Structures are given as C-alpha cells and as structure tokens.
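Asks: Coordinates in work_7.txt, compact mmCIF, C-alpha atoms and all ligand atoms, are listed below.
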# COMPACT_ATOMS: atom_id res chain seq x y z
CA MET A 27 85.32 110.83 103.19
CA HIS A 28 84.31 107.82 105.25
CA GLU A 29 87.00 105.99 107.18
CA ASP A 30 86.68 102.74 105.20
CA LEU A 31 87.44 104.58 101.95
CA GLN A 32 90.32 106.48 103.53
CA ARG A 33 91.75 103.18 104.72
CA GLU A 34 91.56 101.65 101.24
CA PHE A 35 93.42 104.54 99.63
CA SER A 36 95.91 104.98 102.49
CA LEU A 37 99.53 103.85 102.13
CA GLU A 38 100.21 104.17 105.86
CA SER A 39 103.06 101.85 106.96
CA ARG A 40 103.78 100.78 103.34
CA THR A 41 107.19 101.09 101.71
CA ALA A 42 107.44 102.15 98.07
CA VAL A 43 110.51 101.97 95.83
CA ILE A 44 110.41 104.47 92.95
CA THR A 45 112.95 104.41 90.13
CA GLY A 46 113.29 107.63 88.14
CA ALA A 47 112.42 109.52 91.33
CA ALA A 48 114.86 112.39 90.67
CA SER A 49 112.68 114.20 88.14
CA GLY A 50 109.31 114.78 86.54
CA ILE A 51 106.53 112.26 87.11
CA GLY A 52 108.64 110.02 89.37
CA ARG A 53 109.32 112.96 91.70
CA GLU A 54 105.66 113.99 91.84
CA THR A 55 104.62 110.36 92.44
CA ALA A 56 107.06 110.16 95.36
CA CYS A 57 105.54 113.30 96.89
CA ILE A 58 101.93 112.07 96.45
CA LEU A 59 102.68 108.60 97.83
CA ALA A 60 104.44 110.15 100.82
CA ARG A 61 101.34 112.28 101.47
CA ALA A 62 99.29 109.06 101.41
CA GLY A 63 101.52 107.75 104.23
CA ALA A 64 104.14 105.65 102.38
CA ARG A 65 107.83 105.50 103.30
CA LEU A 66 109.82 106.12 100.13
CA ILE A 67 112.99 104.60 98.74
CA LEU A 68 114.05 106.92 95.95
CA ALA A 69 116.21 105.42 93.19
CA ASP A 70 117.76 107.11 90.15
CA ILE A 71 121.13 107.65 88.45
CA ASP A 72 120.81 111.38 89.26
CA ALA A 73 121.89 111.66 92.91
CA ALA A 74 121.51 115.46 93.01
CA GLY A 75 117.93 115.19 91.73
CA LEU A 76 117.18 112.51 94.33
CA ALA A 77 118.33 114.88 97.09
CA ILE A 78 115.85 117.51 95.84
CA THR A 79 112.98 114.97 95.83
CA ALA A 80 113.92 113.76 99.33
CA GLY A 81 113.99 117.40 100.50
CA LEU A 82 110.46 117.98 99.18
CA ILE A 83 109.21 114.86 100.99
CA ASN A 84 110.94 115.74 104.24
CA ASP A 85 109.48 119.29 104.05
CA GLN A 86 105.97 117.82 103.94
CA GLY A 87 106.71 115.58 106.97
CA GLY A 88 107.31 112.36 105.01
CA THR A 89 110.09 109.78 105.13
CA ALA A 90 112.42 109.26 102.17
CA HIS A 91 115.61 107.29 101.79
CA ILE A 92 117.93 107.95 98.82
CA ARG A 93 119.40 104.99 96.96
CA PRO A 94 121.22 105.89 93.69
CA ALA A 95 120.82 103.05 91.18
CA ASN A 96 121.13 102.34 87.47
CA VAL A 97 118.17 100.28 86.26
CA ALA A 98 120.11 99.12 83.19
CA ASP A 99 122.48 97.26 85.54
CA ARG A 100 120.71 94.08 86.66
CA ALA A 101 123.04 93.51 89.63
CA ASP A 102 122.43 97.07 90.84
CA VAL A 103 118.66 96.57 90.61
CA GLU A 104 118.86 93.30 92.57
CA ALA A 105 120.99 95.07 95.21
CA LEU A 106 118.47 97.93 95.39
CA ALA A 107 115.68 95.41 96.01
CA ALA A 108 117.70 93.55 98.65
CA ASP A 109 118.58 96.82 100.45
CA ALA A 110 114.97 97.98 100.36
CA ALA A 111 113.69 94.61 101.60
CA GLU A 112 116.16 94.62 104.48
CA ARG A 113 115.02 98.08 105.56
CA ASN A 114 111.23 97.71 105.81
CA GLY A 115 110.14 95.12 103.23
CA VAL A 116 108.79 96.33 99.88
CA ASP A 117 105.04 96.78 99.35
CA ILE A 118 105.05 98.93 96.20
CA TRP A 119 107.56 99.23 93.33
CA ILE A 120 107.21 101.87 90.64
CA ASN A 121 109.29 101.81 87.45
CA ALA A 122 109.38 105.40 86.21
CA ALA A 123 113.05 105.49 85.08
CA ALA A 124 113.38 105.99 81.34
CA ILE A 125 115.06 108.05 78.65
CA HIS A 126 113.83 109.39 75.34
CA PHE A 127 115.33 110.37 72.02
CA ALA A 128 113.74 111.23 68.72
CA ALA A 129 115.26 110.22 65.38
CA PRO A 130 113.95 108.51 62.24
CA MET A 131 114.96 104.84 62.06
CA LEU A 132 117.31 105.47 59.13
CA GLU A 133 119.24 108.05 61.16
CA ALA A 134 118.99 106.72 64.73
CA PRO A 135 122.46 106.05 66.20
CA PRO A 136 122.62 102.30 67.08
CA ALA A 137 124.28 103.02 70.43
CA ALA A 138 121.44 105.38 71.44
CA THR A 139 118.85 102.76 70.47
CA GLU A 140 120.62 100.05 72.47
CA ARG A 141 120.96 102.36 75.48
CA LEU A 142 117.26 103.24 75.38
CA LEU A 143 116.24 99.58 75.25
CA SER A 144 118.60 98.70 78.10
CA ILE A 145 117.00 101.34 80.34
CA ASN A 146 113.35 101.57 79.26
CA LEU A 147 112.73 97.91 78.50
CA LEU A 148 115.36 95.71 80.16
CA GLY A 149 115.53 98.09 83.14
CA THR A 150 111.78 97.61 83.67
CA TYR A 151 112.15 93.85 83.18
CA TRP A 152 114.99 93.53 85.75
CA SER A 153 113.06 95.75 88.14
CA CYS A 154 109.84 93.71 87.89
CA ALA A 155 111.79 90.51 88.60
CA ALA A 156 113.77 92.03 91.48
CA ALA A 157 110.61 93.51 93.02
CA ALA A 158 108.72 90.22 92.79
CA ARG A 159 111.66 88.33 94.31
CA VAL A 160 111.50 90.41 97.49
CA MET A 161 107.68 90.59 97.55
CA GLN A 162 107.18 86.83 97.11
CA PRO A 163 108.03 85.77 100.69
CA ARG A 164 105.51 88.34 102.00
CA GLY A 165 102.78 87.10 99.64
CA LYS A 166 101.75 90.59 98.52
CA GLY A 167 102.82 93.62 96.57
CA SER A 168 101.96 96.05 93.79
CA ILE A 169 104.29 96.76 90.86
CA ILE A 170 103.53 99.69 88.58
CA ASN A 171 105.28 100.14 85.23
CA PHE A 172 105.33 103.10 82.87
CA SER A 173 103.93 102.71 79.39
CA SER A 174 102.99 105.61 77.08
CA THR A 175 100.44 106.74 74.52
CA GLY A 176 103.40 106.22 72.16
CA ALA A 177 102.80 102.46 72.51
CA ASP A 178 99.29 102.87 71.03
CA ARG A 179 99.85 105.29 68.17
CA PRO A 180 102.60 104.78 65.58
CA THR A 181 104.47 108.11 65.49
CA PRO A 182 107.42 108.81 63.18
CA GLY A 183 110.72 109.44 64.95
CA ILE A 184 110.12 107.54 68.19
CA SER A 185 110.39 103.92 67.04
CA ALA A 186 112.77 102.74 69.78
CA TYR A 187 110.84 104.49 72.55
CA ALA A 188 107.46 103.25 71.27
CA MET A 189 108.77 99.71 70.75
CA ALA A 190 110.05 99.61 74.33
CA LYS A 191 106.77 100.94 75.77
CA ALA A 192 104.70 98.46 73.71
CA ALA A 193 106.92 95.70 75.09
CA VAL A 194 106.40 97.05 78.62
CA ASN A 195 102.65 96.55 78.07
CA MET A 196 103.17 92.84 77.32
CA LEU A 197 105.73 92.51 80.11
CA THR A 198 103.14 93.97 82.50
CA ARG A 199 100.45 91.52 81.41
CA THR A 200 102.77 88.50 81.40
CA ALA A 201 104.21 89.37 84.82
CA ALA A 202 100.66 89.83 86.14
CA THR A 203 99.83 86.24 85.15
CA GLU A 204 103.06 84.87 86.68
CA PHE A 205 102.97 86.91 89.89
CA GLY A 206 99.19 86.91 90.52
CA PRO A 207 99.30 83.51 92.28
CA LEU A 208 102.05 84.96 94.52
CA GLY A 209 99.72 87.78 95.62
CA ILE A 210 101.60 90.36 93.57
CA ARG A 211 99.72 92.70 91.22
CA VAL A 212 101.39 94.23 88.15
CA ASN A 213 99.87 97.17 86.26
CA ALA A 214 101.09 100.08 84.15
CA VAL A 215 100.15 103.71 83.74
CA ALA A 216 100.33 105.07 80.20
CA PRO A 217 100.62 108.86 80.23
CA GLY A 218 100.03 111.05 77.22
CA PHE A 219 102.25 114.09 76.79
CA VAL A 220 103.28 115.52 80.19
CA ASP A 221 105.52 118.59 80.34
CA THR A 222 108.67 117.28 82.09
CA PRO A 223 112.42 117.50 81.38
CA MET A 224 112.09 114.34 79.23
CA VAL A 225 110.11 116.15 76.56
CA SER A 226 111.53 119.68 76.76
CA PHE A 227 113.62 118.96 73.62
CA ARG A 228 110.40 119.58 71.70
CA TYR A 229 110.56 123.30 72.44
CA ALA A 230 114.23 123.89 73.33
CA ASP A 231 116.54 125.70 70.91
CA GLU A 232 119.75 124.20 69.44
CA THR A 233 121.69 124.99 72.65
CA GLY A 234 119.09 123.24 74.81
CA ALA A 235 117.77 126.52 76.23
CA ILE A 236 114.00 126.64 76.66
CA ASN A 237 112.14 129.08 74.47
CA PRO A 238 108.97 130.08 76.43
CA ALA A 239 107.02 131.22 73.35
CA ARG A 240 107.83 128.03 71.47
CA ARG A 241 106.92 126.00 74.55
CA GLU A 242 103.50 127.64 74.78
CA GLU A 243 102.90 127.02 71.09
CA VAL A 244 103.95 123.34 71.28
CA LEU A 245 101.76 122.71 74.34
CA ARG A 246 98.81 124.42 72.63
CA LEU A 247 99.21 122.31 69.49
CA LEU A 248 99.51 119.11 71.52
CA SER A 249 96.36 119.97 73.49
CA GLU A 250 94.35 120.33 70.29
CA GLY A 251 94.51 116.60 69.54
CA ILE A 252 93.22 115.59 72.98
CA PRO A 253 89.48 115.03 73.57
CA LEU A 254 89.68 116.61 77.05
CA GLY A 255 91.46 119.58 75.49
CA GLU A 256 94.58 119.75 77.65
CA ILE A 257 97.79 117.90 78.31
CA GLY A 258 98.18 116.01 81.58
CA THR A 259 100.21 117.02 84.63
CA PRO A 260 102.58 114.90 86.72
CA ARG A 261 99.91 115.02 89.44
CA ASP A 262 97.31 113.44 87.11
CA ILE A 263 99.64 110.48 86.61
CA ALA A 264 100.66 110.28 90.27
CA LEU A 265 97.01 110.07 91.42
CA ALA A 266 96.42 107.11 89.07
CA ILE A 267 99.50 105.48 90.56
CA LEU A 268 98.17 106.09 94.07
CA TYR A 269 95.08 104.10 93.10
CA LEU A 270 97.14 101.23 91.62
CA ALA A 271 99.45 101.19 94.64
CA SER A 272 96.64 101.12 97.21
CA ASP A 273 94.21 98.44 98.36
CA ALA A 274 91.49 100.31 96.43
CA SER A 275 92.76 98.44 93.34
CA ARG A 276 93.16 95.06 95.08
CA HIS A 277 91.27 93.24 92.27
CA VAL A 278 93.10 94.99 89.41
CA THR A 279 96.10 93.42 87.70
CA GLY A 280 97.57 93.19 84.20
CA GLN A 281 95.97 96.51 83.18
CA ILE A 282 97.37 99.45 81.23
CA LEU A 283 95.75 102.55 82.74
CA ARG A 284 95.79 105.30 80.12
CA VAL A 285 95.96 108.74 81.71
CA ASN A 286 96.00 110.84 78.57
CA GLY A 287 92.83 112.92 78.30
CA GLY A 288 91.51 110.43 75.75
CA ALA A 289 94.47 110.86 73.37
CA SER A 290 94.37 107.12 72.64
CA MET A 291 91.58 104.61 73.30
CA PRO A 292 92.65 101.29 71.79
N1 LIG B 301 106.70 113.14 79.99
C1 LIG B 301 105.91 112.51 79.10
O1 LIG B 301 105.30 113.13 78.20
C2 LIG B 301 105.71 111.02 79.21
C3 LIG B 301 104.72 110.43 78.41
C4 LIG B 301 104.53 109.06 78.48
C5 LIG B 301 105.30 108.29 79.34
N2 LIG B 301 106.26 108.89 80.10
C6 LIG B 301 107.05 108.04 80.98
O2 LIG B 301 106.97 108.55 82.30
C7 LIG B 301 108.13 108.14 83.03
C8 LIG B 301 108.72 109.34 83.74
O3 LIG B 301 109.16 110.26 82.74
P1 LIG B 301 109.34 111.83 82.99
O4 LIG B 301 108.57 112.52 81.94
O5 LIG B 301 109.09 112.14 84.42
O6 LIG B 301 110.89 111.99 82.60
P2 LIG B 301 112.12 112.64 83.36
O7 LIG B 301 113.21 112.70 82.35
O8 LIG B 301 111.70 113.90 84.03
O9 LIG B 301 112.48 111.55 84.48
C9 LIG B 301 113.10 110.32 84.15
C10 LIG B 301 114.05 109.94 85.27
O10 LIG B 301 114.63 108.67 84.95
C11 LIG B 301 115.98 108.71 85.37
N3 LIG B 301 116.79 107.71 84.69
C12 LIG B 301 117.20 107.71 83.38
N4 LIG B 301 117.97 106.65 83.16
C13 LIG B 301 118.07 105.96 84.32
C14 LIG B 301 118.74 104.77 84.71
N5 LIG B 301 119.51 104.08 83.83
N6 LIG B 301 118.61 104.33 85.98
C15 LIG B 301 117.88 105.04 86.87
N7 LIG B 301 117.22 106.18 86.57
C16 LIG B 301 117.32 106.63 85.31
C17 LIG B 301 116.43 110.14 85.03
O11 LIG B 301 117.62 110.48 85.72
C18 LIG B 301 115.22 110.94 85.45
O12 LIG B 301 115.31 111.34 86.80
C19 LIG B 301 109.06 107.50 81.99
O13 LIG B 301 108.95 106.10 82.05
C20 LIG B 301 108.51 108.02 80.67
O14 LIG B 301 108.85 107.17 79.60
C21 LIG B 301 106.49 110.23 80.06
Rewrite the coordinates I just gave you, this time as structure tokens.
Replies:
Amino acid sequence: MHEDLQREFSLESRTAVITGAASGIGRETACILARAGARLILADIDAAGLAITAGLINDQGGTAHIRPANVADRADVEALAADAAERNGVDIWINAAAIHFAAPMLEAPPAATERLLSINLLGTYWSCAAAARVMQPRGKGSIINFSSTGADRPTPGISAYAMAKAAVNMLTRTAATEFGPLGIRVNAVAPGFVDTPMVSFRYADETGAINPARREEVLRLLSEGIPLGEIGTPRDIALAILYLASDASRHVTGQILRVNGGASMP
C-alpha cells in the first residue's frame, strides 16, 4: 500500500476513548485501533473485562489505559472525558456500551426498559456531548455511535432496544449538524447479528449455559436471511470503525454505516 493511503488510515499519535471496551465488539475495536497506532482509553462498568482487553493490547505492543465508567451516569461520563482530555486530548470517541433484553411489550418489566434506555440511549447522548466538549477546543474529532439492524426492521420482542437504536440514528445525525462546524464528525455503525456475549441468550439454556448444538443451529438460521450468507464478526465491525475514526473518512459525517451483510438496506 502506498504511503499516502497508509497515512490516511493510520491512527498514529491519536487517542481513542472506547466505552463498552470490556467485551465483544468494543474489545475487538480497541485491539484493531491499537494496531492502527492509537492510544486507547478503555471504559466500561466491567473492570475485570477491561483488564483482559488492556492485556490483549499490551501483548500486541499497544498502549491502553483502563478507566471504569458507567455511561448511564452523566457526571461519570463528563469525568471520563475530562480525565481523557487531560492525559493526551481526545481524537476519537466510540460509544459501544449497551445492554440488551428481549421481552414482548406487554410483559417487559418497566425497570428493565428504563435501565436499557438510560444506558443505550441516554448513555450515548451524554457521551456524545462529553466527547464534543473536550474535542471542541482542538477543533477536530470523530465520534462513532452504535446503532443496529434492529433500528431498521421492526422485530417482536426487542421494542426498547430497537427504539433506543433508532433514536441513536437521529442523535447521530443531529449531533453531526451541530458539531460539524466545530470540526467534529459524528457517525454510527449499525451491525447485524454478531456472536458476542450480548446475544448468547438466544442459544443459552435456562441456566445460562451455552448449548453448542443450539448455538450452531441459531447461527445457521440467522445466516439464511442475509444476502451475503453469513453473520458478521466483531472484526468486520471494527474495520468499519477504523475507517470512520481515520482521516480516510474526513468528508463523512451524519452517516449510519450498516455492516450487516445486506440484512437491511433502508
Ligand atoms: N452483538 C450484536 O449482534 C449487535 C448487533 C447490533 C448492534 N450491537 C451493538 O454493538 C455494541 C457492542 O455490543 P456487543 O455485542 O459487543 O455486546 P457485549 O455485551 O459483548 O458488550 C457490551 C459492553 O457494554 C458494557 N456496558 C453495559 N452497560 C454499561 C454501562 N452502563 N456503562 C459502561 N459500560 C457498559 C458491558 O459491560 C459490556 O462490556 C452495542 O452497542 C450493541 O448494542 C450488537
């Protein structure tokens, strides 16, 4: 690859904050961004999981700092941003933190619905604002939110999750219009089904133990509805995020990048 292209995709001397970095796609994104040269600030409520992610990054010669944080707590998110800014400044902020639960609307426990909205929607909202606050004085930055194919296709049993992700789409586009004049880009990735701890309930038994045969069957059935014929991997999503984080996407903002094998094309 020619040097000019390498430079445009490189994250050398950039600092990236990633929420939800203790697991799944957030963890893989942290590893990929570190390999592209970024220093990482890893945030999550799961401190043990953060230590594992930091270990993976250190093993590959990268730099990662652990900062436990609860995205549903606005003051904690503001403090995370202030800490990160004081360290190296913040160039990239990725909002992967989220939870999931499945229940029909007539059975969904109100407390679970409120908790989901406070993390998946308000947590993303607080994080966008906190990120932009510390990026503004530098006149640049890239914020990347997490949407979902669930925001495109009405699916019974995931109303709260889908509602939050659909709202994240509009938050992304509105923030892009507000922050664009400040030099800050705001985009979202929208994965289809990706096999992570978030979705293992689909093939776990009543005790939560994973049933390998059921897992294989569920993944096969899910693949059947996808034009490209397979479900995505955390790496597929992380590579899209690398693009949105880097200068290669310098003219891209307010976009929802669907990385779902064609599962939805609105
Ligand atoms: N896995 C999928 O099929 C899929 C599909 C579409 C979108 N997504 C989105 O991708 C993102 C990553 O999901 P994943 O599949 O890697 O899930 P995951 O469960 O593996 O990771 C989510 C992380 O968020 C953290 N988290 C939860 N609540 C938090 C809080 N209040 N504060 C800070 N951190 C918190 C968890 O501790 C966990 O480490 C999420 O936004 C999810 O909605 C996932």
Asks: Which neighbours of segment 123-126 of chain A fall inside 8 Å, counting only C-alpha atoms, when residues of the same chain fewer than 2 positions from it are skipped, and could you give them as a ChimeraX atom specification?
Replies: /A:45-47,52,70,97,121,128,142,145-146,187,224-225
Asks: Neighbouring residues of Ala105 of chain A were defined as those with any atom within 12 Å, considering only C-alpha atoms; residues of the same chain fewer than 3 positions away were excluded. Please report them as a PyMOL selection string.
Replies: chain A and resi 69+93-97+99-102+108-112+152-153+156-157+159-160
Asks: In Å, rounded to a single decimal, give me how far atom CA of Gly218 of chain A is from atom CA of Leu197 of chain A.
Replies: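 For atom CA of Leu197 of chain A relative to atom CA of Gly218 of chain A, the distance reads 19.6 Å.
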Asks: Just the residues within 9 Å of Gly183 of chain A, please, counting only C-alpha atoms, with nothing from its chain fewer than 3 positions along; format it as a VMD selection string.
Replies: chain A and resid 127 to 131 134 186
Asks: I'd like to know which of A:Glu54, A:Glu140, A:Glu38, A:Asp221 is closest to Ile263 of chain A, using all atoms listed in the file.
Replies: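 Using all atoms listed in the file, the shortest distance to Ile263 of chain A belongs to A:Glu54.
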Asks: Which residue, A:Ala230, A:Ala158, A:Ile210, A:Ile257, has the smallest gap to ligand LIG 301 (chain B) when you use all atoms listed in the file?
Replies: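 The answer is A:Ile257, which sits nearest to ligand LIG 301 (chain B).
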Asks: Once 8 Å is added on each side, what centre and edge lengths in Å to one decimal does the axis-aligned box around all listed atoms of ligand LIG 301 (chain B) have, as lines of an AutoDock Vina configuration file?
Replies:
center_x = 112.0
center_y = 109.0
center_z = 82.5
size_x = 31.0
size_y = 25.8
size_z = 24.7
Asks: Could you check which of A:Thr89, A:Thr41, A:Thr79, A:Asn286 is closest to Met161 of chain A, using all atoms listed in the file?
Replies: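 When distances to Met161 of chain A are compared using all atoms listed in the file, the smallest one comes from A:Thr41.
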Asks: Which distance in Å separates atom C2 of ligand LIG 301 (chain B) and atom CA of Phe205 of chain A, to one decimal?
Replies: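 That distance, rounded to one decimal, is 26.5 Å.
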Asks: Atoms are missing here; could segment 142-162 of chain A be completed with N, CA, C and O atoms and written as a CSV table (one decimal), in the coordinates of the input?
Replies:
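Below is the file that was written, result-v8.csv:
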chain,number,residue,atom,x,y,z
A,142,LEU,N,118.7,103.0,75.0
A,142,LEU,CA,117.3,103.2,75.4
A,142,LEU,C,116.6,101.9,75.7
A,142,LEU,O,115.9,101.8,76.8
A,143,LEU,N,116.9,100.9,74.9
A,143,LEU,CA,116.2,99.6,75.2
A,143,LEU,C,116.8,99.0,76.6
A,143,LEU,O,116.0,98.4,77.3
A,144,SER,N,118.0,99.3,76.9
A,144,SER,CA,118.6,98.7,78.1
A,144,SER,C,118.0,99.4,79.3
A,144,SER,O,117.9,98.8,80.4
A,145,ILE,N,117.6,100.6,79.2
A,145,ILE,CA,117.0,101.3,80.3
A,145,ILE,C,115.5,101.1,80.4
A,145,ILE,O,114.9,100.7,81.3
A,146,ASN,N,114.8,101.5,79.3
A,146,ASN,CA,113.4,101.6,79.3
A,146,ASN,C,112.7,100.2,79.3
A,146,ASN,O,111.7,100.0,79.9
A,147,LEU,N,113.3,99.2,78.6
A,147,LEU,CA,112.7,97.9,78.5
A,147,LEU,C,113.4,96.9,79.5
A,147,LEU,O,112.8,96.4,80.4
A,148,LEU,N,114.7,96.7,79.3
A,148,LEU,CA,115.4,95.7,80.2
A,148,LEU,C,115.4,96.2,81.6
A,148,LEU,O,115.2,95.4,82.5
A,149,GLY,N,115.5,97.5,81.8
A,149,GLY,CA,115.5,98.1,83.1
A,149,GLY,C,114.2,97.8,83.8
A,149,GLY,O,114.2,97.5,85.0
A,150,THR,N,113.1,97.9,83.1
A,150,THR,CA,111.8,97.6,83.7
A,150,THR,C,111.7,96.1,83.9
A,150,THR,O,111.1,95.7,85.0
A,151,TYR,N,112.2,95.3,83.0
A,151,TYR,CA,112.2,93.8,83.2
A,151,TYR,C,112.9,93.4,84.4
A,151,TYR,O,112.4,92.7,85.3
A,152,TRP,N,114.2,93.9,84.6
A,152,TRP,CA,115.0,93.5,85.8
A,152,TRP,C,114.3,94.0,87.0
A,152,TRP,O,114.3,93.3,88.0
A,153,SER,N,113.7,95.2,86.9
A,153,SER,CA,113.1,95.8,88.1
A,153,SER,C,111.8,95.0,88.5
A,153,SER,O,111.6,94.7,89.7
A,154,CYS,N,111.0,94.5,87.6
A,154,CYS,CA,109.8,93.7,87.9
A,154,CYS,C,110.3,92.4,88.6
A,154,CYS,O,109.7,92.0,89.6
A,155,ALA,N,111.3,91.8,88.0
A,155,ALA,CA,111.8,90.5,88.6
A,155,ALA,C,112.4,90.7,90.0
A,155,ALA,O,112.1,90.0,90.9
A,156,ALA,N,113.2,91.8,90.2
A,156,ALA,CA,113.8,92.0,91.5
A,156,ALA,C,112.7,92.4,92.5
A,156,ALA,O,112.7,91.9,93.7
A,157,ALA,N,111.7,93.1,92.1
A,157,ALA,CA,110.6,93.5,93.0
A,157,ALA,C,109.8,92.3,93.4
A,157,ALA,O,109.6,92.0,94.6
A,158,ALA,N,109.5,91.4,92.5
A,158,ALA,CA,108.7,90.2,92.8
A,158,ALA,C,109.5,89.3,93.7
A,158,ALA,O,108.9,88.6,94.6
A,159,ARG,N,110.8,89.2,93.5
A,159,ARG,CA,111.7,88.3,94.3
A,159,ARG,C,111.6,88.7,95.8
A,159,ARG,O,111.5,87.8,96.6
A,160,VAL,N,111.6,90.0,96.1
A,160,VAL,CA,111.5,90.4,97.5
A,160,VAL,C,110.1,90.5,98.0
A,160,VAL,O,109.8,90.4,99.2
A,161,MET,N,109.1,90.6,97.1
A,161,MET,CA,107.7,90.6,97.6
A,161,MET,C,107.2,89.2,97.8
A,161,MET,O,106.3,89.0,98.6
A,162,GLN,N,107.7,88.2,97.1
A,162,GLN,CA,107.2,86.8,97.1
A,162,GLN,C,107.1,86.3,98.5
A,162,GLN,O,106.0,85.7,98.9
